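Here the structure comes first, spelled out in structure tokens, and everything after it is commentary.
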Amino acid sequence: MKIVNRIDELRTMLTEEKANGKTIGFVPTMGYLHEGHLSLIHEARKENGIVVISIFVNPLQFGPDEDFDQYPRNIERDEALAREAGADYLFYPTVAEMYGERPTVTVKVHERTDCLCGKSRPGHFDGVATVLTKLFNIIGPARAYFGLKDAQQVAIVEGLIHDFNFPIELVGVEIKREEDGLALSSRNVNLTSDERAEAVHISRCLFKIKEAIDSGMTPEAAIAEGRGYLHSHTAGTIDYLEALSYPELKPITDVREAIIVAAAVQYSKVRLIDNVIIKTEQPRG
């Protein structure tokens, strides 16, 4: 695995790979890799001649009171894990390399941001779209791999790829979970022991809501029951617990459409997100 810090060097190397007929699969991350990230690398490895992973904690997607400085970082560990998972290139740029002194142009996301994480994190997805636009242009992948744990991000990336005409196939990979159901996250290490014990109820709540909707309960009623369950099983602050159409992220108007049930809970030092997507085409009442 080659570790590259400079944009021009990576472009030169990948141009040669493409000239040799290799397709590129790209896995963008902010590092502190876990099994969820590694599953993206494994999927990319199956479908592409070359796999590129980026590690970049992007300051543009953190608000002034968010955890940019606390976000876990361990590049030596990440290098070893990425190499073992089968990555060919690890792109690890500095903030100065990616943005210079300050960006003169950024991307503004207009749809799918007024709900879920976007509602309480203004500007977050603008930062995501800006850095991905840069990374897509630098790397030029055939396919890009994203975990569905952040399903709102996947929906927004779908719009970015479509609207900017990137010749990229978006591949969403299912959520990886701990044995007790907690969604894997780099931020889980910042939970206290009590918070970790409570956090499992986020996924349990979501699956209870899914079961209720699949059984014919209206999404509104199922969410109301789920909110009561979550309030009684965690001391964390519930940022949101919602059911929306997916990937449009609009109020549900057709009981046959795909639905996302998503939650975010704020603990003392970390905010956790999780979701389930209900894809059935059968009427649900």
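Residues in the structure tokens are numbered from 1 in each chain, the chains being A, B, ... in the order shown, and ligands are numbered from 1 in the order shown.
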
What are the nearest atom pairs, with distances in Å to one decimal, for all residues of segment 205-270 of chain A that come at most 8 Å from segment 114-123 of chain A, using only C-alpha atoms, set out by chain and rising residue number as a Markdown table?
```
| residue | atom | partner | partner_atom | distance |
| --- | --- | --- | --- | --- |
| A:Asp239 | CA | A:Ser120 | CA | 7.9 |
| A:Tyr240 | CA | A:Leu116 | CA | 6.5 |
| A:Glu242 | CA | A:Leu116 | CA | 7.5 |
| A:Leu249 | CA | A:Cys115 | CA | 7.5 |
| A:Ala262 | CA | A:Leu116 | CA | 7.4 |
| A:Ala263 | CA | A:Leu116 | CA | 7.7 |
| A:Ala264 | CA | A:Cys117 | CA | 7.6 |
```

For Arg83 of chain A, list every protein, DNA or RNA residue within 10 Å, evaluated using only C-alpha atoms, and leave out those in the same chain fewer than 4 positions away; present the list as a list in words.
-> Met1, Lys2, Ile3, Ile41, Asp78, Glu79, Ala87, Asp88, Tyr89 and Leu90 of chain A

Could you list, with a cut-off of 10 Å and counting only C-alpha atoms, the residues of segment 35-76 of chain A near segment 183-206 of chain A, each shown with its nearest atom pair and the distance in Å rounded to one decimal, rows sorted by chain and ascending number, as JSON lines?
```
{"residue": "A:Glu35", "atom": "CA", "partner": "A:Leu184", "partner_atom": "CA", "distance": 7.3}
{"residue": "A:Gly36", "atom": "CA", "partner": "A:Leu184", "partner_atom": "CA", "distance": 6.3}
{"residue": "A:His37", "atom": "CA", "partner": "A:Leu184", "partner_atom": "CA", "distance": 9.1}
{"residue": "A:Asp67", "atom": "CA", "partner": "A:Arg187", "partner_atom": "CA", "distance": 9.7}
{"residue": "A:Gln70", "atom": "CA", "partner": "A:Asn190", "partner_atom": "CA", "distance": 8.7}
{"residue": "A:Tyr71", "atom": "CA", "partner": "A:Arg187", "partner_atom": "CA", "distance": 7.1}
{"residue": "A:Pro72", "atom": "CA", "partner": "A:Ser186", "partner_atom": "CA", "distance": 6.9}
{"residue": "A:Arg73", "atom": "CA", "partner": "A:Ser186", "partner_atom": "CA", "distance": 9.2}
```

Run DSSP on the backbone of this structure and report the residues of segment 149-278 of chain A it assigns to helix (DSSP H, G or I), as a ChimeraX atom specification.
-> /A:149-163,186-190,193-214,219-233

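Each of A:Ala82, A:Ala19, A:Ile260, A:Leu10 was checked against Ser39 of chain A using only C-alpha atoms; the smallest atom-to-atom distance is that of A:Ala82.
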
Residues within 7 Å of segment 126-140 of chain A, only C-alpha atoms, excluding chain neighbours under 6 positions, as a PyMOL selection string = chain A and resi 7+11+60-61+106-109

Picked from segment 132-257 of chain A by DSSP as strand (DSSP E or B), as a PDB file with C-alpha atoms, in the first residue's frame:
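Result file follows (result21.pdb):
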```pdb
ATOM      1  CA  ARG A 143     -17.162   3.741  -7.817  1.00  0.00           C
ATOM      2  CA  ALA A 144     -17.412   5.389  -4.380  1.00  0.00           C
ATOM      3  CA  TYR A 145     -18.342   3.452  -1.253  1.00  0.00           C
ATOM      4  CA  PHE A 146     -20.302   4.852   1.694  1.00  0.00           C
ATOM      5  CA  GLY A 147     -21.743   3.232   4.791  1.00  0.00           C
ATOM      6  CA  GLU A 169     -21.339   4.725  -9.263  1.00  0.00           C
ATOM      7  CA  LEU A 170     -22.458   5.255  -5.683  1.00  0.00           C
ATOM      8  CA  VAL A 171     -22.344   2.063  -3.603  1.00  0.00           C
ATOM      9  CA  GLY A 172     -24.132   2.100  -0.245  1.00  0.00           C
ATOM     10  CA  VAL A 173     -22.963  -0.601   2.163  1.00  0.00           C
ATOM     11  CA  ARG A 177     -22.929  -3.459  14.254  1.00  0.00           C
ATOM     12  CA  ALA A 183     -23.829   0.674  15.156  1.00  0.00           C
ATOM     13  CA  THR A 237     -30.599  13.863  24.800  1.00  0.00           C
ATOM     14  CA  ILE A 238     -32.679  12.750  21.828  1.00  0.00           C
ATOM     15  CA  ASP A 239     -31.800  15.065  18.961  1.00  0.00           C
ATOM     16  CA  TYR A 240     -34.315  13.421  16.635  1.00  0.00           C
ATOM     17  CA  LEU A 241     -36.296  10.250  16.040  1.00  0.00           C
ATOM     18  CA  GLU A 242     -38.076  10.435  12.698  1.00  0.00           C
ATOM     19  CA  ALA A 243     -39.556   8.421   9.850  1.00  0.00           C
ATOM     20  CA  LEU A 244     -39.203   9.916   6.356  1.00  0.00           C
ATOM     21  CA  SER A 245     -39.314   8.798   2.735  1.00  0.00           C
TER      22      SER A 245
END
```
